[in-house]
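**Q** Can you keep this structure in mind? I'll have questions shortly.
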Amino acid sequence: MRAAQLFNGRGTTSASPIGPTNHDAVPHATGASATDASSKDGESSKAKELLGIHHLITQYGNIQAIKGISIYIDKGEIVALIGANGAGKSTTLLSVSGVLTPTSGTIRFNGQNISGLPSHQIVRQGIAQVVEGRAILAGLTVLENLMLGAYIRSDRNAIEQDMDRMFDRFPRLRERSGQIAGTLSGGEQQMLAIARALMSRPKMLLLDEPSMGLAPLIVEEIFNLLRELNEQGLTILLVEQNAAQALEIADRAYVLASGTIVRSGSSSSLLADEHLREAYLGAAR
Ligand SMILES: Nc1ncnc2c1ncn2[C@@H]1O[C@H](COP(=O)(O)OP(=O)(O)O)[C@@H](O)[C@H]1O
Ligand SMILES: [Mg+2]
């Protein structure tokens, strides 16, 4: 049995994708070209760009954690942001999701300038975040956590349908829908955090170290899920310390060190880079 079946009872054949469904699904390249990122290095063409970060600086007090980085992500891509502990990965994601207010620079999403918007408005624009450490509400039930993910929506019937599809995708969450979320296993909590983020019907999902603290089989399952969501049209920005594994599912990646982008390129070119392997992939291989 494939590990993915633990959560996804229907394997990859699930008829109704959850996430970027129906009206707000983004067009996605089909077949093999979806992961053929070898020509995607360099500048984004504006027509395809979903997220564009330009010269972003974010500070904690007087300390610059992010020192003027530029990153773009095209519709339909999985892009990884990798780097050592303290490099500024979480700060970057929190700047995009509006939890932190950048000091300067611009963040454009889907053609709109979102820099400085409060986080609830950024969720409305179509960005959902799974924060570091999962951050499910441990004292609430599984169902209540999922409902919270839909808080920006008022389309009751559609929310119920999405909830149903979410439970089809995650049968374990259906079984445990009335259970207090804090009593779930680490893997189940991570799945719940992802499911909750999908309930806002995002165009783009930001994930901060989803593999952290989880057993290898569960990590594999989560990465399979991300790949599947991406195939159904969801654009993904994945932050990972587990660089080798992130590069396996990403089209492209940026390497962050001390608040600066030090390398970027297709996953295959980064995996082939001797220096990078020594500096960032050594521990993970
Ligand atoms: N709340 C905070 N207050 C002050 N400094 C912080 C805070 N959060 C992170 N930092 C600092 O900002 C830098 C980047 O941190 P972070 O974005 O969390 O890195 P990463 O996610 O790559 O491990 C680190 O030097 C860290 O110590
Ligand atoms: Mg972090």
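Letters A, B, ... go to the chains of the structure tokens in the order shown; residues in each chain start at 1; ligands are counted from 1 in the same order.
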Got a sec to check which residues lie within 10 Å of ligand 2, using only C-alpha atoms and all ligand atoms, and send them as an NGL selection string?

**A** :A and (83-94 or 131-133 or 208-209 or 239-241)

**Q** For Ile236 (chain A), list every protein, DNA or RNA residue within 6 Å, evaluated using only C-alpha atoms, and leave out those in the same chain fewer than 3 positions away; present the list as a ChimeraX atom specification.

**A** /A:78,204-205

**Q** Selection from above, C-alpha atoms, as a compact mmCIF listing (two decimals), in the first residue's frame, can you write it?

**A**
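Output contents, as saved in out.txt:
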```txt
# COMPACT_ATOMS: atom_id res chain seq x y z
CA ILE A 78 6.05 24.59 -7.12
CA MET A 204 -1.45 29.85 -3.92
CA LEU A 205 -0.39 27.89 -0.87
```

**Q** Go through A:Thr260, A:Asn145, A:Ser200, A:Asn242 and flag the residue nearest Gln179 (chain A), using only C-alpha atoms for the distances.

**A**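 Closest to Gln179 (chain A) of all the choices is A:Asn145.
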
**Q** At a cut-off of 7 Å, using only C-alpha atoms, what residues contact Leu143 (chain A)? Leave out same-chain residues fewer than 4 positions from it and give the result as a list in words.

**A**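 Those residues are Met147, Ser177 and Gly178 of chain A.
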
**Q** Looking at only C-alpha atoms and all ligand atoms, which of A:Ala279, A:Ile114, A:Leu137, A:Leu207 is the one that sits closest to ligand 1?

**A**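 With only C-alpha atoms and all ligand atoms as the atom set, the closest residue is A:Leu207.
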
**Q** Between A:Gly68, A:Pro202, A:Gly265, A:Pro210, which one has atoms that come closest to Thr106 (chain A), using only C-alpha atoms?

**A**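 Checking each of A:Gly68, A:Pro202, A:Gly265, A:Pro210 against Thr106 (chain A), counting only C-alpha atoms, the winner is A:Gly68.
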
**Q** Which neighbours of Ala47 (chain A) fall inside 10 Å, counting only C-alpha atoms, when residues of the same chain fewer than 3 positions from it are skipped, and could you give them as a PDB file with C-alpha atoms, in the first residue's frame?

**A**
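Written file, out_32.pdb:
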```pdb
ATOM      1  CA  SER A  44       9.374  35.674 -15.085  1.00  0.00           C
ATOM      2  CA  LEU A  50       1.373  34.830  -9.901  1.00  0.00           C
ATOM      3  CA  ASP A  74       4.577  31.570 -12.062  1.00  0.00           C
ATOM      4  CA  LYS A  75       1.077  30.126 -12.114  1.00  0.00           C
ATOM      5  CA  ASN A 110      -2.139  38.093  -9.420  1.00  0.00           C
ATOM      6  CA  GLY A 111      -1.490  41.557 -10.828  1.00  0.00           C
TER       7      GLY A 111
END
```

**Q** Would you please extract all strand (DSSP E) residues from region 70-218 of chain A, as assigned by DSSP on the backbone, and give them as an NGL selection string?

**A** :A and (70-74 or 78-82 or 104-109 or 112-113 or 127-130 or 204-208)

**Q** Go through A:Gln129, A:Phe223, A:Ile249, A:Ala243 one by one, measure the shortest atom-to-atom distance of each to Ala193 (chain A) using only C-alpha atoms, and give the residue with the smallest value.

**A**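 Ranking A:Gln129, A:Phe223, A:Ile249, A:Ala243 by distance to Ala193 (chain A), first place goes to A:Gln129.
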
**Q** Give the answer as one residue: which of A:Lys67, A:His55, A:Arg156, A:Lys48 has the shortest atom-to-atom distance to ligand 1, using only C-alpha atoms and all ligand atoms?

**A**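 Of the candidates, the smallest distance to ligand 1 is held by A:Lys67.
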
**Q** Among region 133-234 of chain A, which residues carry a DSSP assignment of helix (DSSP H, G or I), reported as an mmCIF file with N, CA and C atoms, in the first residue's frame?

**A**
```cif
data_model
loop_
_atom_site.group_PDB
_atom_site.id
_atom_site.type_symbol
_atom_site.label_atom_id
_atom_site.label_comp_id
_atom_site.auth_asym_id
_atom_site.auth_seq_id
_atom_site.Cartn_x
_atom_site.Cartn_y
_atom_site.Cartn_z
ATOM 1 N N VAL A 142 -11.625 18.967 14.929
ATOM 2 C CA VAL A 142 -11.174 18.924 13.540
ATOM 3 C C VAL A 142 -12.129 19.743 12.668
ATOM 4 N N LEU A 143 -13.427 19.513 12.850
ATOM 5 C CA LEU A 143 -14.438 20.221 12.047
ATOM 6 C C LEU A 143 -14.357 21.730 12.268
ATOM 7 N N GLU A 144 -14.215 22.121 13.519
ATOM 8 C CA GLU A 144 -14.140 23.567 13.823
ATOM 9 C C GLU A 144 -12.892 24.198 13.192
ATOM 10 N N ASN A 145 -11.790 23.463 13.210
ATOM 11 C CA ASN A 145 -10.582 23.967 12.561
ATOM 12 C C ASN A 145 -10.818 24.174 11.063
ATOM 13 N N LEU A 146 -11.492 23.215 10.439
ATOM 14 C CA LEU A 146 -11.753 23.340 9.000
ATOM 15 C C LEU A 146 -12.676 24.518 8.710
ATOM 16 N N MET A 147 -13.687 24.695 9.547
ATOM 17 C CA MET A 147 -14.613 25.815 9.349
ATOM 18 C C MET A 147 -13.871 27.150 9.431
ATOM 19 N N LEU A 148 -12.890 27.216 10.346
ATOM 20 C CA LEU A 148 -12.114 28.457 10.488
ATOM 21 C C LEU A 148 -11.375 28.795 9.202
ATOM 22 N N GLY A 149 -10.954 27.764 8.495
ATOM 23 C CA GLY A 149 -10.246 27.996 7.237
ATOM 24 C C GLY A 149 -11.122 28.670 6.190
ATOM 25 N N ARG A 156 -22.337 29.375 2.021
ATOM 26 C CA ARG A 156 -22.565 28.218 2.897
ATOM 27 C C ARG A 156 -22.598 26.867 2.189
ATOM 28 N N ASN A 157 -23.398 26.797 1.123
ATOM 29 C CA ASN A 157 -23.553 25.503 0.446
ATOM 30 C C ASN A 157 -22.240 25.010 -0.129
ATOM 31 N N ALA A 158 -21.509 25.932 -0.743
ATOM 32 C CA ALA A 158 -20.236 25.557 -1.349
ATOM 33 C C ALA A 158 -19.233 25.156 -0.274
ATOM 34 N N ILE A 159 -19.308 25.828 0.880
ATOM 35 C CA ILE A 159 -18.397 25.458 1.976
ATOM 36 C C ILE A 159 -18.673 24.021 2.405
ATOM 37 N N GLU A 160 -19.972 23.688 2.512
ATOM 38 C CA GLU A 160 -20.309 22.320 2.917
ATOM 39 C C GLU A 160 -19.836 21.294 1.892
ATOM 40 N N GLN A 161 -19.981 21.643 0.630
ATOM 41 C CA GLN A 161 -19.505 20.726 -0.417
ATOM 42 C C GLN A 161 -17.982 20.559 -0.337
ATOM 43 N N ASP A 162 -17.289 21.682 -0.122
ATOM 44 C CA ASP A 162 -15.827 21.605 -0.017
ATOM 45 C C ASP A 162 -15.419 20.763 1.182
ATOM 46 N N MET A 163 -16.167 20.933 2.272
ATOM 47 C CA MET A 163 -15.874 20.171 3.486
ATOM 48 C C MET A 163 -16.000 18.676 3.181
ATOM 49 N N ASP A 164 -17.044 18.334 2.450
ATOM 50 C CA ASP A 164 -17.270 16.954 2.081
ATOM 51 C C ASP A 164 -16.131 16.417 1.222
ATOM 52 N N ARG A 165 -15.714 17.212 0.252
ATOM 53 C CA ARG A 165 -14.602 16.796 -0.611
ATOM 54 C C ARG A 165 -13.303 16.682 0.183
ATOM 55 N N MET A 166 -13.156 17.590 1.166
ATOM 56 C CA MET A 166 -11.961 17.545 2.005
ATOM 57 C C MET A 166 -11.927 16.225 2.783
ATOM 58 N N PHE A 167 -13.086 15.820 3.285
ATOM 59 C CA PHE A 167 -13.161 14.564 4.032
ATOM 60 C C PHE A 167 -12.972 13.361 3.103
ATOM 61 N N ASP A 168 -13.376 13.495 1.839
ATOM 62 C CA ASP A 168 -13.095 12.409 0.885
ATOM 63 C C ASP A 168 -11.588 12.278 0.686
ATOM 64 N N ARG A 169 -10.926 13.426 0.628
ATOM 65 C CA ARG A 169 -9.480 13.405 0.424
ATOM 66 C C ARG A 169 -8.743 12.930 1.664
ATOM 67 N N PRO A 171 -9.772 10.840 4.619
ATOM 68 C CA PRO A 171 -10.741 10.025 5.371
ATOM 69 C C PRO A 171 -10.455 9.995 6.867
ATOM 70 N N ARG A 172 -9.187 10.099 7.224
ATOM 71 C CA ARG A 172 -8.847 10.087 8.654
ATOM 72 C C ARG A 172 -9.430 11.301 9.370
ATOM 73 N N LEU A 173 -9.496 12.417 8.671
ATOM 74 C CA LEU A 173 -10.073 13.622 9.273
ATOM 75 C C LEU A 173 -11.592 13.477 9.406
ATOM 76 N N ARG A 174 -12.209 12.767 8.451
ATOM 77 C CA ARG A 174 -13.659 12.533 8.579
ATOM 78 C C ARG A 174 -13.945 11.696 9.825
ATOM 79 N N GLU A 175 -13.148 10.606 9.953
ATOM 80 C CA GLU A 175 -13.325 9.736 11.123
ATOM 81 C C GLU A 175 -13.177 10.512 12.423
ATOM 82 N N ALA A 181 -8.533 18.622 18.099
ATOM 83 C CA ALA A 181 -7.409 18.553 17.161
ATOM 84 C C ALA A 181 -6.069 18.277 17.840
ATOM 85 N N GLY A 182 -5.931 18.747 19.071
ATOM 86 C CA GLY A 182 -4.675 18.544 19.798
ATOM 87 C C GLY A 182 -4.369 17.081 20.090
ATOM 88 N N THR A 183 -5.371 16.216 19.962
ATOM 89 C CA THR A 183 -5.139 14.797 20.252
ATOM 90 C C THR A 183 -4.740 14.020 18.988
ATOM 91 N N GLY A 186 1.030 13.913 14.911
ATOM 92 C CA GLY A 186 1.702 15.017 14.220
ATOM 93 C C GLY A 186 1.354 15.073 12.734
ATOM 94 N N GLY A 187 1.346 13.903 12.095
ATOM 95 C CA GLY A 187 1.030 13.850 10.666
ATOM 96 C C GLY A 187 -0.400 14.277 10.388
ATOM 97 N N GLU A 188 -1.313 13.821 11.250
ATOM 98 C CA GLU A 188 -2.719 14.198 11.078
ATOM 99 C C GLU A 188 -2.902 15.700 11.290
ATOM 100 N N GLN A 189 -2.167 16.259 12.245
ATOM 101 C CA GLN A 189 -2.263 17.705 12.485
ATOM 102 C C GLN A 189 -1.758 18.488 11.280
ATOM 103 N N GLN A 190 -0.680 17.992 10.655
ATOM 104 C CA GLN A 190 -0.164 18.690 9.472
ATOM 105 C C GLN A 190 -1.180 18.604 8.331
ATOM 106 N N MET A 191 -1.793 17.434 8.166
ATOM 107 C CA MET A 191 -2.820 17.284 7.134
ATOM 108 C C MET A 191 -3.992 18.225 7.421
ATOM 109 N N LEU A 192 -4.361 18.332 8.697
ATOM 110 C CA LEU A 192 -5.466 19.229 9.070
ATOM 111 C C LEU A 192 -5.096 20.682 8.757
ATOM 112 N N ALA A 193 -3.850 21.042 9.053
ATOM 113 C CA ALA A 193 -3.408 22.419 8.772
ATOM 114 C C ALA A 193 -3.489 22.706 7.275
ATOM 115 N N ILE A 194 -3.104 21.724 6.458
ATOM 116 C CA ILE A 194 -3.167 21.908 4.996
ATOM 117 C C ILE A 194 -4.630 21.972 4.547
ATOM 118 N N ALA A 195 -5.441 21.042 5.085
ATOM 119 C CA ALA A 195 -6.862 21.018 4.713
ATOM 120 C C ALA A 195 -7.534 22.339 5.094
ATOM 121 N N ARG A 196 -7.184 22.854 6.256
ATOM 122 C CA ARG A 196 -7.778 24.118 6.698
ATOM 123 C C ARG A 196 -7.401 25.244 5.740
ATOM 124 N N ALA A 197 -6.134 25.280 5.334
ATOM 125 C CA ALA A 197 -5.692 26.322 4.397
ATOM 126 C C ALA A 197 -6.457 26.208 3.070
ATOM 127 N N LEU A 198 -6.725 24.974 2.633
ATOM 128 C CA LEU A 198 -7.416 24.779 1.352
ATOM 129 C C LEU A 198 -8.865 25.246 1.411
ATOM 130 N N PRO A 216 9.579 9.765 8.238
ATOM 131 C CA PRO A 216 9.801 9.759 6.788
ATOM 132 C C PRO A 216 8.593 9.337 5.947
ATOM 133 N N LEU A 217 7.858 8.334 6.391
ATOM 134 C CA LEU A 217 6.698 7.888 5.606
ATOM 135 C C LEU A 217 5.620 8.957 5.520
ATOM 136 N N ILE A 218 5.435 9.674 6.637
ATOM 137 C CA ILE A 218 4.425 10.738 6.680
ATOM 138 C C ILE A 218 4.883 11.915 5.820
ATOM 139 N N VAL A 219 6.185 12.188 5.867
ATOM 140 C CA VAL A 219 6.730 13.272 5.037
ATOM 141 C C VAL A 219 6.483 12.965 3.562
ATOM 142 N N GLU A 220 6.723 11.714 3.203
ATOM 143 C CA GLU A 220 6.510 11.305 1.817
ATOM 144 C C GLU A 220 5.046 11.519 1.409
ATOM 145 N N GLU A 221 4.177 11.184 2.342
ATOM 146 C CA GLU A 221 2.751 11.331 2.091
ATOM 147 C C GLU A 221 2.371 12.803 1.884
ATOM 148 N N ILE A 222 2.955 13.662 2.687
ATOM 149 C CA ILE A 222 2.662 15.097 2.568
ATOM 150 C C ILE A 222 3.203 15.640 1.247
ATOM 151 N N PHE A 223 4.398 15.215 0.880
ATOM 152 C CA PHE A 223 4.958 15.691 -0.391
ATOM 153 C C PHE A 223 4.159 15.156 -1.576
ATOM 154 N N ASN A 224 3.671 13.916 -1.467
ATOM 155 C CA ASN A 224 2.805 13.384 -2.528
ATOM 156 C C ASN A 224 1.529 14.211 -2.650
ATOM 157 N N LEU A 225 0.983 14.589 -1.505
ATOM 158 C CA LEU A 225 -0.226 15.415 -1.497
ATOM 159 C C LEU A 225 0.032 16.760 -2.176
ATOM 160 N N LEU A 226 1.168 17.361 -1.864
ATOM 161 C CA LEU A 226 1.489 18.670 -2.452
ATOM 162 C C LEU A 226 1.617 18.554 -3.967
ATOM 163 N N ARG A 227 2.248 17.478 -4.404
ATOM 164 C CA ARG A 227 2.407 17.249 -5.842
ATOM 165 C C ARG A 227 1.032 17.114 -6.514
ATOM 166 N N GLU A 228 0.152 16.390 -5.842
ATOM 167 C CA GLU A 228 -1.182 16.155 -6.379
ATOM 168 C C GLU A 228 -1.987 17.461 -6.449
ATOM 169 N N LEU A 229 -1.913 18.256 -5.388
ATOM 170 C CA LEU A 229 -2.616 19.545 -5.379
ATOM 171 C C LEU A 229 -2.086 20.441 -6.489
ATOM 172 N N ASN A 230 -0.776 20.383 -6.698
ATOM 173 C CA ASN A 230 -0.156 21.177 -7.751
ATOM 174 C C ASN A 230 -0.639 20.725 -9.127
ATOM 175 N N GLU A 231 -0.744 19.410 -9.294
ATOM 176 C CA GLU A 231 -1.224 18.895 -10.580
ATOM 177 C C GLU A 231 -2.649 19.350 -10.856
#
```

**Q** Measuring atom to atom with only C-alpha atoms and all ligand atoms, identify which of A:Pro118, A:Gly126, A:Gly139, A:Gly259 is nearest to ligand 1.

**A** A:Gly259

**Q** Would you write out, as JSON lines, a table of all residues in region 146-186 of chain A that have an atom no more than 12 Å from an atom of region 119-123 of chain A, listing for each the closest atom pair and the distance in Å to one decimal, considering only C-alpha atoms and ordering rows by chain and rising residue number?

**A**
```
{"residue": "A:Gly149", "atom": "CA", "partner": "A:Val123", "partner_atom": "CA", "distance": 9.9}
{"residue": "A:Ala150", "atom": "CA", "partner": "A:Val123", "partner_atom": "CA", "distance": 10.1}
{"residue": "A:Tyr151", "atom": "CA", "partner": "A:His120", "partner_atom": "CA", "distance": 9.5}
{"residue": "A:Ile152", "atom": "CA", "partner": "A:Val123", "partner_atom": "CA", "distance": 7.7}
{"residue": "A:Arg153", "atom": "CA", "partner": "A:Val123", "partner_atom": "CA", "distance": 10.4}
```
